[in-house]
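Accompanying notes for the structure given below.
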Amino acid sequence: MEVKRREFIRQLCFACGSISLIPACTSEISTWRFLTADEAKLIEAITEQIIPADQDAGATDARVVNFFDRQLIGYYTRHQETYRKGLQNIESSSLKIFHKNFVNLDWDQQTEFLETMETGELPEAEWEGNEQRSFFRMLLDHSMQAFYGSPRHGGNCGYVSYKMLKIDYPHVIGQNRYPSENGNTNLKAS
Amino acid sequence: MSKGNRYKLFLVAFAVIFVILITSGGGYVVWNAADPERTCNNCHEISPSYNTWTASAHRDIKCVNCHGTAFSNGWHSLKEKTNMVFTHYSEDIIHEDIGLDENQLLETMERCTNCHQTEYASWKSSGHSASYSDIFLDEVHNSTEQLNFDCLRCHGMFYEGTINDLVTPLSIKGPWSLTLEEKADQATIPCMACHKIHSKGEPSVKPDYSAPNDIFYSRLNENKTVGLYSRHENMHFPLDQLPTPVMVHQGDTIKTPADPVYRLCVQCHAPSVWHLAGSHDDHTPVGVHEGISCTACHERHSNFQRNSCVKCHPAISNCKLDVKTMNTTYSNPSSPHDIHSVACTDCHEDMLVRE
Amino acid sequence: MKNKHVNAIVIGAGAGGGVVAKELAVSGLSVVLFERGDWVTYDAHNDDELMSQRTHPFENPFGPDNKRHRRVFVGQNGNERIVLPFEYPFNNNAACVGSGTVSYGAMAWRFMEKDFLMKTSYGHVEGSTLEDWPITYQDLEPYYEKAEWEIGVSGDHTGNPFQSVRNMPYPMPPFAYNRDGQILYDAAKRIGLHPFPIPMLRNSVRYNGRPACYRMRTCVGFACPVNAKCGTHNTVIPIALQSGNCELRTNCQVAEVMINEKGLATGIKYFDENDNGHIQTADIVIISCAAVETARLLLNSKSRLFPEGAGNNNDWVGRNLQGHAYTGASGIFEDEIYDDVGPGACWAVGDFNHDNEGIVGGGVLCNSFFTPPYAFTRLRPPGAKQWGLEHKEFQRKNYKRISSVRGPFQEIPNFDARVTVDPEVKDHWGIPVARLSGQRHEYDRIGCQFMSDRAEEILREAGAITTWQAVGGRGLSGDQHQSGTARMGNDPKTSVTDKYGRVHDIDNLFVADGSLHVTNGGFNPVLTIMALGFYIGEYIAKNWNGGSFTSK
C-alpha cells in the first residue's frame, strides 16, 4: 500500500509538475490528484463547452481541469462528494438519453445536454430536486474561476484569459519616486 | 580477555570501520558521479526540475556542479540535505512547489561563475549587482520615499520575507538597518532575476567544420533563459510571455523597441500607469532614438554604454555635429536633452518650421 | 498568568477601534487593543482575484477563517442555515489589524447635514425606525476634519456643491480621472449635474511619510503594494503603539464583557491564539467590532443587571442592521473606455443624495472599481448567455468597453433587520454565534429604482449603446458597510448608547464603530466611523479622571 502511494505521488508529480519549476501546462497529464481519468475527460469536455476554444484558447488549453483536480483536494475538498456523484449522474443521464457517454457525444449534443441541465430538465431519475441545476451552476462557476482567475490555483495556464482580454500581466507600472518633488502621480501630460 | 584477543578485536573493529568508510566514501563518490536520473531523480519532488534540466542548455552539467553535494558547504549543507531527506520520508504532503530558498539560490549563483566568468565580471561592474545594503540603506532614497512591499518586486525578488522583516524602521526617519546582517552584501538582482537556468535550450556545440559557412546560421539568435522572475507568482515569465506596453509620448502612441528584451527591461524600468514615455522609472526612447532597443546602447550584463554613440554613428552625425559632444546627457549629466528623448528639434529649431 | 489592569480596553482594531486606541494612548491612558485577526501584508495576497476582499470563493484573505468562525443566516423565505465566513450571507467584514481599511476602496465621504436629520427631513416612514441622530453634522465636522488630516484624504473640497459646510480643504489634491471617469464627467456636465473627483483615503502625493499612490488596477480588495492607501493600520495604530501606552494583542477572540453588580464593566474575557482563556480588567471598555460582532458581544455579555445582554434591557441591541442597497446601471460603449488606471472609481455626482422628488434620502453615484476578469463573467445584460462561445465573445469584445455607475442608496432602517445570538450554534471557542435575520425595508426598492434610472441616464448621455440596470433588492445587507445595531440616541428606551457612544446605564462601556449609526447615509460610511472614533476617543480622554470612569 505504502509503495503504491509513493509511486502514485511520484507519477503524479512527474505528470503535473510544478508551477515554479516547469511551465506546468506543457506536460501531459496522466495521473490526477482526486479525479479518475474518466472524470477528468468528462470535466474537460464540459468545461470546453462552457469556454470553447476559438481564435483564443479555451478551457482545455487553459488546463481548467487541472484547477478542478487541484482544488478538489484543496479549498474545494468540501465538494468532493458533489462532484463524484454529479459527474456520475451526468454519465447516466447521457447514456439514458443518447446511449453514449457524454465525451462521445457530438458537440451540438453536448451543448443541448448542458442547456437542458442548466434549466433542470434532464430526466429526474438521476437527480434529486434542484440537484442538476445547482451542480451545473457549480461547474459553471468553477470553470470561470479556473479560466479567468489567477493561474496560481491551477487553471488559466499561461495567462491565456488575461491575454485574450488584453490586460498586461505582470503590470507595467513603476514607482513614482522621480516625477516631482511631492511624488504627485497625477501629472498626466494630455 | 587476553592481550592477543583484545588486539584481534581492535583489529577487527578497525577493519570494519575502514570498510564502512571506504564503502560509504566510495558510494558517495559514485553517487555524485552517477547519472542524476538514477540519483537525484529518485525523489519525486525533484522530478519536475530534473525534467526541465534534461531539456535545458545546461543538460551536460550535473546537478552537483551547480547545486553542490552534501559536503560542499560543510555542516550547513549536510544538515540541509539530511533535513530534505527526512522531510521527504516523514511528511505525507504532496510538494508541488519546491524551489531554492534565497541562500541556496545565491550559493548556486556562485557556481555560475565557473563557466560564465565574463558575464559575471560584467554584471559585477553594473548597477544590477547592487547589494541589499546599497539598495535598502540609501539615506537619500529612504528619507524621501518610505520603503514598501513593492520595492522587492525589482530588488531582492528572492527574499522570502516582506519589507517589514527586512529593514527597520519602516519610516522616512532613519537611521535604517537591515534586520539580518548577513543580507548586507548579498546581491539583490542575482543572475536568476533575468535568467531561468533550467529553461529549454541547446548546449553550445563545436561548429561543424565540414560546412563552416553554416556556423552563423546554426547559432540561435535568442537566449531562451532570459525572462523576468516574479516573486508574486514564484515563477519566471519568459520574454514572449511578458506584455509589450503601449507607450505614449505627447499624446501619440510611440513605436516601442521590437527587441523582446525591451519587455524585460520595462518591467522594472517602468513608466507610470498612464504609460508615458520617460515617466517614473521608464527610459523608453522617443525622439531620434525612438524604437531603438535598450541593448543597442547598453551592454547586456555590464550596462556599459559609454560606447553607445560609436556603435551606430560615425563620430560626426548627419547634421555635421560630433554626436559625442552634442549637448545631451551623454556628455553632460545636467543637459536638458536626455539621450532617451532627444529630438532633432532640440537643436534645430528650423526643423519645426520645415515640418 | 494574570494580566495587568489597564485604563482602557479597545476591542477591534478597525476603522473605529484603531482611532479610539490612538486617541486614548496619546492622552496618556494605558490601552490594550484587541484584534481577532493578525497583521496582513501585501505579499500574502496580491493580484489574485480569487483571493481578494471582494471575491473570495475559497476563503477570506483578510479573515476571518472558515475553520473557527460561523454565523447563522435566516433567508427571506425563513430558511435558516449555518454560513461560513467566505460565503456572502455571512456579511463579512475583514478580521485583521486595520480591518477593512487595509483592503478597501477608500472612498472618504462625509455624511451630509440631512443624513443626520432623516426624520426631520422626511417625516415618519411606515414600518421603519427612521430617526434623527442625537448629534448633528456640525457636532461631527471637526472630527471629520481630524480624520481627513490624520488618516489622509485626497480630494477637491470645492468639488461637490451639495456637501455640507466644511472648514478646511483636503490635505491632498484630488486624483485625476481615468478614461471612463472623464467620459462620465463630460456627460454629467452636459445634463446639468455636478460631477467631481471622489475624495479618497489614498495619498495622491507623499503624505505622512508614506508614498503616493501609483494607481494600480488591483487596489480595492487588496492591501496596497506601496503603502499609499491610508488605513488605521498604517496611521493611527502605529502612533498608538509608538506612544508606549498601547499594547496590541492580535489573534485574540473576545468572548464577553464582564458587568458587575454596580452596572459597571470590569473587563473582558478572551481567548488568545492558543485558545487559552484570559481575563483582562480595565477602567473603561470600548467595543469596536463592527455592527454584527459588536451586537453579538453585547448580547453575549449577560449579567444579573443585564440578563439579555449588556445594554439590551429594552431589546434594541442588534436591531436596525443596515448596510447599503447598492444600485445602478451598466453600459456598453462603442469604443474602449478602459485605460488600466486604477482603482477605477474616481468620479461621483452628489446630485441625488437628497431633495429628490418623492424619494426619501438617496445616495451618491460613482463609476465602478476595476472589475477583474472572473467578476466580469457575471456582468451581463439580462438574458445574456452565461456560458459557451457567446459568453466568451462578450467577454473578449466588451471587457474594455463597459462602464458601471453605481451607488449606495441610503437604507431606511427597520426594527426586524437584526442580529441576535443563536441559541444553539457556537463557534470554535464555544461562544454563541451571530444570527442574522430580517430584510430591508420595502421602501428601498423604490429608492434604488430611482437611482438606477439616474445612473442609466448618465451612461446613455455618455454614449453607451446598450445599457441595463442592476437594482438593489430587499435581501438583508450588512457586510462591509454594516451599521446600526447599537444605535445612539437620547432616549434609552429607543437606543443603545447615548450621544457619546456610552451604553445606557453602563457608565464605562462604550461603542465606537458603525453600530452607532442611526442611519447610514447615502455614502460609504468609513470616514464617519473614523470621525466617531475621534469624537468618542476625545470625549473619553477629556472626561478621564485618572481612576474609575463614571463622569456624565
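Naming scheme: A, B, ... for chains in displayed order of the C-alpha cells; residues 1 onward per chain; ligands 1 onward as shown.
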
Any idea which chain B residues end up within 7 Å of chain A if we count only C-alpha atoms, as a VMD selection string please?
chain B and resid 44 47 to 49 52 96 to 97 145 234 to 235 243 245 250 to 251 267 to 273 279 to 281

I need the residues from that last selection saved to file as an mmCIF file, in the first residue's frame (with N, CA and C atoms), if you can.
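Result saved to part-v3.cif:
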```
data_model
loop_
_atom_site.group_PDB
_atom_site.id
_atom_site.type_symbol
_atom_site.label_atom_id
_atom_site.label_comp_id
_atom_site.auth_asym_id
_atom_site.auth_seq_id
_atom_site.Cartn_x
_atom_site.Cartn_y
_atom_site.Cartn_z
ATOM 1 N N HIS B 44 10.596 12.204 -5.834
ATOM 2 C CA HIS B 44 9.559 12.735 -6.723
ATOM 3 C C HIS B 44 9.551 14.252 -6.743
ATOM 4 N N SER B 47 11.634 15.597 -9.527
ATOM 5 C CA SER B 47 11.337 15.233 -10.913
ATOM 6 C C SER B 47 11.069 16.414 -11.837
ATOM 7 N N PRO B 48 10.223 17.345 -11.428
ATOM 8 C CA PRO B 48 9.961 18.453 -12.344
ATOM 9 C C PRO B 48 11.237 19.206 -12.713
ATOM 10 N N SER B 49 12.095 19.451 -11.727
ATOM 11 C CA SER B 49 13.341 20.148 -12.012
ATOM 12 C C SER B 49 14.219 19.302 -12.906
ATOM 13 N N THR B 52 12.996 19.485 -16.522
ATOM 14 C CA THR B 52 13.310 20.716 -17.241
ATOM 15 C C THR B 52 14.807 20.786 -17.520
ATOM 16 N N GLU B 96 4.318 20.368 -4.453
ATOM 17 C CA GLU B 96 4.262 20.716 -5.865
ATOM 18 C C GLU B 96 5.111 21.927 -6.183
ATOM 19 N N ASP B 97 5.618 22.533 -5.165
ATOM 20 C CA ASP B 97 6.249 23.822 -5.435
ATOM 21 C C ASP B 97 7.592 23.966 -4.731
ATOM 22 N N GLU B 145 11.366 58.644 0.235
ATOM 23 C CA GLU B 145 10.271 57.728 -0.088
ATOM 24 C C GLU B 145 10.313 56.547 0.865
ATOM 25 N N ASN B 234 6.122 33.485 -8.134
ATOM 26 C CA ASN B 234 7.130 32.482 -7.859
ATOM 27 C C ASN B 234 7.493 31.732 -9.137
ATOM 28 N N MET B 235 7.633 32.471 -10.222
ATOM 29 C CA MET B 235 7.993 31.857 -11.497
ATOM 30 C C MET B 235 8.642 32.870 -12.423
ATOM 31 N N PRO B 243 4.232 41.251 -21.285
ATOM 32 C CA PRO B 243 3.455 42.176 -22.107
ATOM 33 C C PRO B 243 4.332 43.263 -22.716
ATOM 34 N N PRO B 245 4.110 46.966 -23.432
ATOM 35 C CA PRO B 245 3.194 48.062 -23.102
ATOM 36 C C PRO B 245 2.966 48.996 -24.292
ATOM 37 N N GLN B 250 3.645 62.630 -25.772
ATOM 38 C CA GLN B 250 2.951 63.832 -26.238
ATOM 39 C C GLN B 250 1.628 63.492 -26.931
ATOM 40 N N GLY B 251 0.893 62.590 -26.331
ATOM 41 C CA GLY B 251 -0.435 62.272 -26.840
ATOM 42 C C GLY B 251 -0.463 61.202 -27.915
ATOM 43 N N GLN B 267 9.844 46.106 -17.388
ATOM 44 C CA GLN B 267 9.140 45.619 -16.208
ATOM 45 C C GLN B 267 9.598 46.362 -14.939
ATOM 46 N N CYS B 268 10.888 46.592 -14.843
ATOM 47 C CA CYS B 268 11.379 47.319 -13.670
ATOM 48 C C CYS B 268 11.653 48.783 -13.980
ATOM 49 N N HIS B 269 12.151 49.044 -15.171
ATOM 50 C CA HIS B 269 12.324 50.442 -15.584
ATOM 51 C C HIS B 269 10.992 50.864 -16.178
ATOM 52 N N ALA B 270 10.001 50.933 -15.310
ATOM 53 C CA ALA B 270 8.610 51.006 -15.771
ATOM 54 C C ALA B 270 8.053 52.416 -15.689
ATOM 55 N N PRO B 271 7.129 52.708 -16.604
ATOM 56 C CA PRO B 271 6.505 54.024 -16.636
ATOM 57 C C PRO B 271 5.379 54.136 -15.614
ATOM 58 N N SER B 272 4.768 55.302 -15.556
ATOM 59 C CA SER B 272 3.576 55.495 -14.741
ATOM 60 C C SER B 272 2.436 54.690 -15.341
ATOM 61 N N VAL B 273 1.348 54.634 -14.628
ATOM 62 C CA VAL B 273 0.190 53.872 -15.092
ATOM 63 C C VAL B 273 -0.351 54.437 -16.410
ATOM 64 N N SER B 279 8.273 58.649 -17.996
ATOM 65 C CA SER B 279 7.707 58.895 -16.666
ATOM 66 C C SER B 279 8.230 57.850 -15.682
ATOM 67 N N HIS B 280 8.205 58.215 -14.409
ATOM 68 C CA HIS B 280 8.666 57.320 -13.350
ATOM 69 C C HIS B 280 10.029 56.734 -13.683
ATOM 70 N N ASP B 281 10.151 55.417 -13.733
ATOM 71 C CA ASP B 281 11.462 54.814 -13.937
ATOM 72 C C ASP B 281 11.712 54.465 -15.401
#
```

Each residue of chain C with at least one atom at most 12 Å from chain B should appear once, together with its nearest atom pair and the corresponding distance in Å (one decimal); atoms considered: only C-alpha atoms; ordering: chain, then increasing residue number; output as a Markdown table.
```
| residue | atom | partner | partner_atom | distance |
| --- | --- | --- | --- | --- |
| C:Trp39 | CA | B:Asn164 | CA | 10.9 |
| C:Val40 | CA | B:Thr162 | CA | 10.6 |
| C:Thr41 | CA | B:Thr162 | CA | 7.7 |
| C:Tyr42 | CA | B:Phe149 | CA | 6.6 |
| C:Asp43 | CA | B:Thr162 | CA | 6.8 |
| C:Ala44 | CA | B:His232 | CA | 8.8 |
| C:His45 | CA | B:His232 | CA | 8.7 |
| C:Asn46 | CA | B:His232 | CA | 7.4 |
| C:Asp47 | CA | B:His232 | CA | 8.3 |
| C:Asp48 | CA | B:His232 | CA | 9.7 |
| C:Ala176 | CA | B:Trp274 | CA | 10.9 |
| C:Tyr177 | CA | B:Trp274 | CA | 11.3 |
| C:Asn178 | CA | B:Trp274 | CA | 9.1 |
| C:Arg179 | CA | B:Trp274 | CA | 10.3 |
| C:Val205 | CA | B:Glu145 | CA | 11.0 |
| C:Arg206 | CA | B:Glu145 | CA | 7.9 |
| C:Tyr207 | CA | B:Glu145 | CA | 10.0 |
| C:Asn208 | CA | B:Ile172 | CA | 9.3 |
| C:Gly209 | CA | B:Ile172 | CA | 5.8 |
| C:Arg210 | CA | B:Gln146 | CA | 5.5 |
| C:Pro211 | CA | B:Glu145 | CA | 5.8 |
| C:Ala212 | CA | B:Glu145 | CA | 9.0 |
| C:Cys213 | CA | B:Val273 | CA | 10.4 |
| C:Tyr214 | CA | B:Val273 | CA | 6.8 |
| C:Arg215 | CA | B:Val273 | CA | 6.4 |
| C:Met216 | CA | B:Val273 | CA | 7.0 |
| C:Arg217 | CA | B:Val273 | CA | 9.1 |
| C:Ala223 | CA | B:Phe149 | CA | 9.9 |
| C:Cys224 | CA | B:Phe149 | CA | 8.3 |
| C:Pro225 | CA | B:Asp150 | CA | 5.1 |
| C:Val226 | CA | B:Asn148 | CA | 5.0 |
| C:Asn227 | CA | B:Asn148 | CA | 6.3 |
| C:Ala228 | CA | B:Asn148 | CA | 9.3 |
| C:Lys229 | CA | B:Asn148 | CA | 11.8 |
| C:Asn234 | CA | B:Leu170 | CA | 10.6 |
| C:Thr235 | CA | B:Ser171 | CA | 11.5 |
| C:Pro238 | CA | B:Ser171 | CA | 10.9 |
| C:Gln242 | CA | B:Pro169 | CA | 11.9 |
| C:Tyr338 | CA | B:Trp274 | CA | 11.7 |
| C:Asp339 | CA | B:Trp274 | CA | 8.0 |
| C:Asp340 | CA | B:Val273 | CA | 7.3 |
| C:Val341 | CA | B:Val273 | CA | 6.0 |
| C:Gly342 | CA | B:Val273 | CA | 8.1 |
| C:Pro343 | CA | B:Val273 | CA | 10.9 |
```

Keeping only N, CA and C atoms, write the selected residues as a compact mmCIF listing (two decimals), in the first residue's frame.
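Contents of the output file result-v2.txt:
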```
# COMPACT_ATOMS: atom_id res chain seq x y z
N TRP C 39 -1.78 40.91 11.66
CA TRP C 39 -1.28 41.85 10.66
C TRP C 39 -1.31 41.12 9.32
N VAL C 40 -1.65 41.82 8.28
CA VAL C 40 -1.56 41.21 6.95
C VAL C 40 -0.64 42.07 6.08
N THR C 41 -0.06 41.45 5.08
CA THR C 41 0.84 42.17 4.20
C THR C 41 0.35 42.09 2.77
N TYR C 42 0.88 42.98 1.94
CA TYR C 42 0.56 42.94 0.52
C TYR C 42 1.03 41.63 -0.09
N ASP C 43 2.19 41.18 0.35
CA ASP C 43 2.78 39.99 -0.28
C ASP C 43 1.93 38.74 -0.12
N ALA C 44 1.14 38.68 0.93
CA ALA C 44 0.37 37.47 1.17
C ALA C 44 -0.71 37.26 0.12
N HIS C 45 -1.35 38.31 -0.32
CA HIS C 45 -2.44 38.18 -1.31
C HIS C 45 -2.37 39.35 -2.26
N ASN C 46 -1.95 39.11 -3.48
CA ASN C 46 -1.88 40.21 -4.42
C ASN C 46 -2.24 39.72 -5.79
N ASP C 47 -2.84 40.59 -6.57
CA ASP C 47 -3.15 40.28 -7.96
C ASP C 47 -3.84 38.94 -8.13
N ASP C 48 -4.56 38.54 -7.13
CA ASP C 48 -5.23 37.24 -7.21
C ASP C 48 -6.70 37.47 -6.91
N ALA C 176 -6.60 62.46 -10.64
CA ALA C 176 -7.07 62.72 -11.99
C ALA C 176 -8.03 61.60 -12.40
N TYR C 177 -8.95 61.93 -13.28
CA TYR C 177 -9.90 60.92 -13.78
C TYR C 177 -9.19 59.94 -14.69
N ASN C 178 -9.64 58.70 -14.66
CA ASN C 178 -9.23 57.76 -15.69
C ASN C 178 -10.14 57.98 -16.91
N ARG C 179 -9.99 57.14 -17.94
CA ARG C 179 -10.71 57.44 -19.18
C ARG C 179 -12.23 57.40 -19.00
N VAL C 205 -0.30 62.48 -3.20
CA VAL C 205 1.09 62.94 -3.13
C VAL C 205 1.69 62.30 -1.87
N ARG C 206 2.99 62.44 -1.70
CA ARG C 206 3.57 61.91 -0.46
C ARG C 206 2.91 62.59 0.73
N TYR C 207 2.56 61.78 1.72
CA TYR C 207 1.86 62.36 2.85
C TYR C 207 2.12 61.50 4.08
N ASN C 208 2.30 62.15 5.18
CA ASN C 208 2.51 61.43 6.45
C ASN C 208 3.65 60.43 6.37
N GLY C 209 4.67 60.74 5.56
CA GLY C 209 5.82 59.86 5.47
C GLY C 209 5.62 58.63 4.62
N ARG C 210 4.49 58.59 3.91
CA ARG C 210 4.25 57.43 3.04
C ARG C 210 4.15 57.89 1.59
N PRO C 211 4.42 56.98 0.66
CA PRO C 211 4.48 57.38 -0.75
C PRO C 211 3.10 57.69 -1.35
N ALA C 212 3.14 58.22 -2.58
CA ALA C 212 1.91 58.48 -3.32
C ALA C 212 1.46 57.23 -4.05
N CYS C 213 0.17 57.16 -4.27
CA CYS C 213 -0.46 56.05 -4.98
C CYS C 213 0.05 56.02 -6.42
N TYR C 214 0.32 54.84 -6.95
CA TYR C 214 0.70 54.78 -8.37
C TYR C 214 -0.39 54.17 -9.23
N ARG C 215 -1.55 54.03 -8.67
CA ARG C 215 -2.78 53.74 -9.42
C ARG C 215 -2.79 52.39 -10.12
N MET C 216 -2.47 51.38 -9.38
CA MET C 216 -2.58 50.04 -9.92
C MET C 216 -4.04 49.62 -9.95
N ARG C 217 -4.40 48.81 -10.93
CA ARG C 217 -5.82 48.42 -11.04
C ARG C 217 -6.27 47.54 -9.89
N ALA C 223 -4.35 44.66 -0.15
CA ALA C 223 -3.52 45.61 0.58
C ALA C 223 -2.72 46.39 -0.45
N CYS C 224 -2.22 47.57 -0.07
CA CYS C 224 -1.52 48.42 -1.03
C CYS C 224 -0.04 48.02 -1.14
N PRO C 225 0.44 47.85 -2.37
CA PRO C 225 1.85 47.47 -2.54
C PRO C 225 2.83 48.56 -2.12
N VAL C 226 2.41 49.83 -2.19
CA VAL C 226 3.35 50.90 -1.84
C VAL C 226 2.94 51.64 -0.56
N ASN C 227 1.94 51.09 0.12
CA ASN C 227 1.53 51.69 1.38
C ASN C 227 0.96 53.09 1.21
N ALA C 228 0.32 53.33 0.06
CA ALA C 228 -0.24 54.65 -0.22
C ALA C 228 -1.71 54.73 0.18
N LYS C 229 -2.32 53.58 0.42
CA LYS C 229 -3.71 53.57 0.88
C LYS C 229 -3.67 53.79 2.38
N ASN C 234 -1.83 51.75 9.12
CA ASN C 234 -0.57 52.44 8.82
C ASN C 234 -0.60 53.92 9.23
N THR C 235 -1.59 54.30 10.02
CA THR C 235 -1.63 55.68 10.51
C THR C 235 -1.77 55.70 12.04
N PRO C 238 -0.08 52.58 14.40
CA PRO C 238 1.36 52.75 14.70
C PRO C 238 1.64 53.90 15.69
N GLN C 242 3.55 53.51 19.15
CA GLN C 242 4.77 54.28 19.43
C GLN C 242 4.65 55.10 20.72
N TYR C 338 -11.73 51.75 -21.19
CA TYR C 338 -10.93 51.30 -20.06
C TYR C 338 -9.47 51.62 -20.34
N ASP C 339 -8.79 52.29 -19.42
CA ASP C 339 -7.38 52.60 -19.67
C ASP C 339 -6.44 52.09 -18.59
N ASP C 340 -6.87 51.12 -17.79
CA ASP C 340 -6.00 50.46 -16.83
C ASP C 340 -5.52 51.37 -15.69
N VAL C 341 -6.13 52.53 -15.56
CA VAL C 341 -5.71 53.44 -14.49
C VAL C 341 -6.57 53.14 -13.26
N GLY C 342 -5.92 52.55 -12.28
CA GLY C 342 -6.63 52.12 -11.09
C GLY C 342 -7.00 53.27 -10.16
N PRO C 343 -7.80 52.97 -9.17
CA PRO C 343 -8.51 51.70 -8.95
C PRO C 343 -9.81 51.64 -9.73
```

Closest atom pairs, range 168-219 of chain B residues within 12 Å of range 53-58 of chain B, only C-alpha atoms, as a tab-separated table:
```
residue	atom	partner	partner_atom	distance
B:Lys196	CA	B:Ser56	CA	9.9
B:Ile197	CA	B:His58	CA	7.5
B:His198	CA	B:Trp53	CA	5.0
B:Ser199	CA	B:Ser56	CA	5.3
B:Lys200	CA	B:Ser56	CA	4.2
B:Gly201	CA	B:Ala57	CA	4.3
B:Glu202	CA	B:Ala57	CA	4.3
B:Pro203	CA	B:Ala57	CA	4.2
B:Ser204	CA	B:Ala57	CA	7.5
B:Val205	CA	B:Ala57	CA	10.4
```

With C-alpha atoms kept, could you save the residues just selected as a short mmCIF file (atom, residue, chain, number, x, y, z; two decimals), in the first residue's frame?
```cif
data_model
loop_
_atom_site.label_atom_id
_atom_site.label_comp_id
_atom_site.auth_asym_id
_atom_site.auth_seq_id
_atom_site.Cartn_x
_atom_site.Cartn_y
_atom_site.Cartn_z
CA LYS B 196 15.81 30.83 -15.77
CA ILE B 197 18.62 28.34 -15.64
CA HIS B 198 16.52 25.29 -16.45
CA SER B 199 14.92 26.90 -19.50
CA LYS B 200 14.60 24.84 -22.60
CA GLY B 201 17.65 25.20 -24.80
CA GLU B 202 20.53 23.59 -26.61
CA PRO B 203 24.03 23.27 -25.21
CA SER B 204 26.76 25.04 -27.15
CA VAL B 205 28.47 22.70 -29.57
#
```

Which residues in range 84-286 of chain B does DSSP call helix (DSSP H, G or I)? List them as a PyMOL selection string.
chain B and resi 84-90+102-112+117-124+127-129+132-136+139-144+151-154+163-166+181-183+191-193+212-218+239-241+261-268

Could you list, with a cut-off of 10 Å and counting only C-alpha atoms, the residues of range 111-144 of chain C near range 313-321 of chain C, each shown with its nearest atom pair and the distance in Å rounded to one decimal, rows sorted by chain and ascending number, as CSV?
```
residue,atom,partner,partner_atom,distance
C:Ser128,CA,C:Asn320,CA,9.0
C:Thr129,CA,C:Asn320,CA,7.4
C:Leu130,CA,C:Asn320,CA,9.3
```

Counting only C-alpha atoms, the option among C:Glu87, C:Glu261, C:Glu461, C:Glu49 closest to chain A:
C:Glu49

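Between CA of Ile151 in chain C and CA of Asn167 in chain C there is a distance of 17.1 Å.
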
Please give the complete set of residues from range 54-193 of chain B that DSSP, run on the backbone, assigns to strand (DSSP E or B), formatted as a PyMOL selection string.
chain B and resi 56+131+167-168+177-178+187

Any idea what the distance is between CA of Pro314 in chain B and CA of Leu220 in chain B?
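Pair CA of Pro314 in chain B / CA of Leu220 in chain B returns 29.5 Å.
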
Between B:Tyr159, B:Val16, B:Leu100, B:Val85, which has the minimum distance to Asn42 in chain B (counting only C-alpha atoms)?
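Of B:Tyr159, B:Val16, B:Leu100, B:Val85, the one nearest Asn42 in chain B, counting only C-alpha atoms, is B:Val85.
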
Do you know which residues are at most 10 Å from Arg219 in chain B counting only C-alpha atoms, after dropping those on the same chain fewer than 3 positions away, and could you put them as a PyMOL selection string?
chain B and resi 204-205+207+214-216+222

Serialized selection, N, CA and C atoms, as a PDB file, in the first residue's frame:
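Just written: result08.pdb:
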```
ATOM      1  N   SER B 204      25.876  24.582 -26.096  1.00  0.00           N
ATOM      2  CA  SER B 204      26.761  25.035 -27.148  1.00  0.00           C
ATOM      3  C   SER B 204      27.532  23.838 -27.689  1.00  0.00           C
ATOM      4  N   VAL B 205      27.725  23.819 -28.982  1.00  0.00           N
ATOM      5  CA  VAL B 205      28.474  22.703 -29.570  1.00  0.00           C
ATOM      6  C   VAL B 205      29.603  23.248 -30.445  1.00  0.00           C
ATOM      7  N   PRO B 207      31.538  23.926 -33.695  1.00  0.00           N
ATOM      8  CA  PRO B 207      30.973  24.111 -35.030  1.00  0.00           C
ATOM      9  C   PRO B 207      31.266  22.935 -35.945  1.00  0.00           C
ATOM     10  N   ASP B 214      28.022  27.601 -42.419  1.00  0.00           N
ATOM     11  CA  ASP B 214      26.750  27.467 -41.700  1.00  0.00           C
ATOM     12  C   ASP B 214      26.866  27.797 -40.214  1.00  0.00           C
ATOM     13  N   ILE B 215      28.091  28.085 -39.778  1.00  0.00           N
ATOM     14  CA  ILE B 215      28.259  28.366 -38.347  1.00  0.00           C
ATOM     15  C   ILE B 215      27.346  29.511 -37.933  1.00  0.00           C
ATOM     16  N   PHE B 216      27.308  30.519 -38.744  1.00  0.00           N
ATOM     17  CA  PHE B 216      26.444  31.664 -38.454  1.00  0.00           C
ATOM     18  C   PHE B 216      24.989  31.228 -38.308  1.00  0.00           C
ATOM     19  N   GLU B 222      18.392  33.751 -30.132  1.00  0.00           N
ATOM     20  CA  GLU B 222      17.581  34.070 -28.966  1.00  0.00           C
ATOM     21  C   GLU B 222      18.070  33.253 -27.791  1.00  0.00           C
TER      22      GLU B 222
END
```

Nearest-residue call for chain C, choices A:Thr111, A:Thr82, A:Thr36, A:Thr119, using only C-alpha atoms:
A:Thr111

Could you give me, as a count of residues only, the residues within 9 Å of Asp513 in chain C, counting only C-alpha atoms and dropping anything in the same chain fewer than 6 positions from it?
17
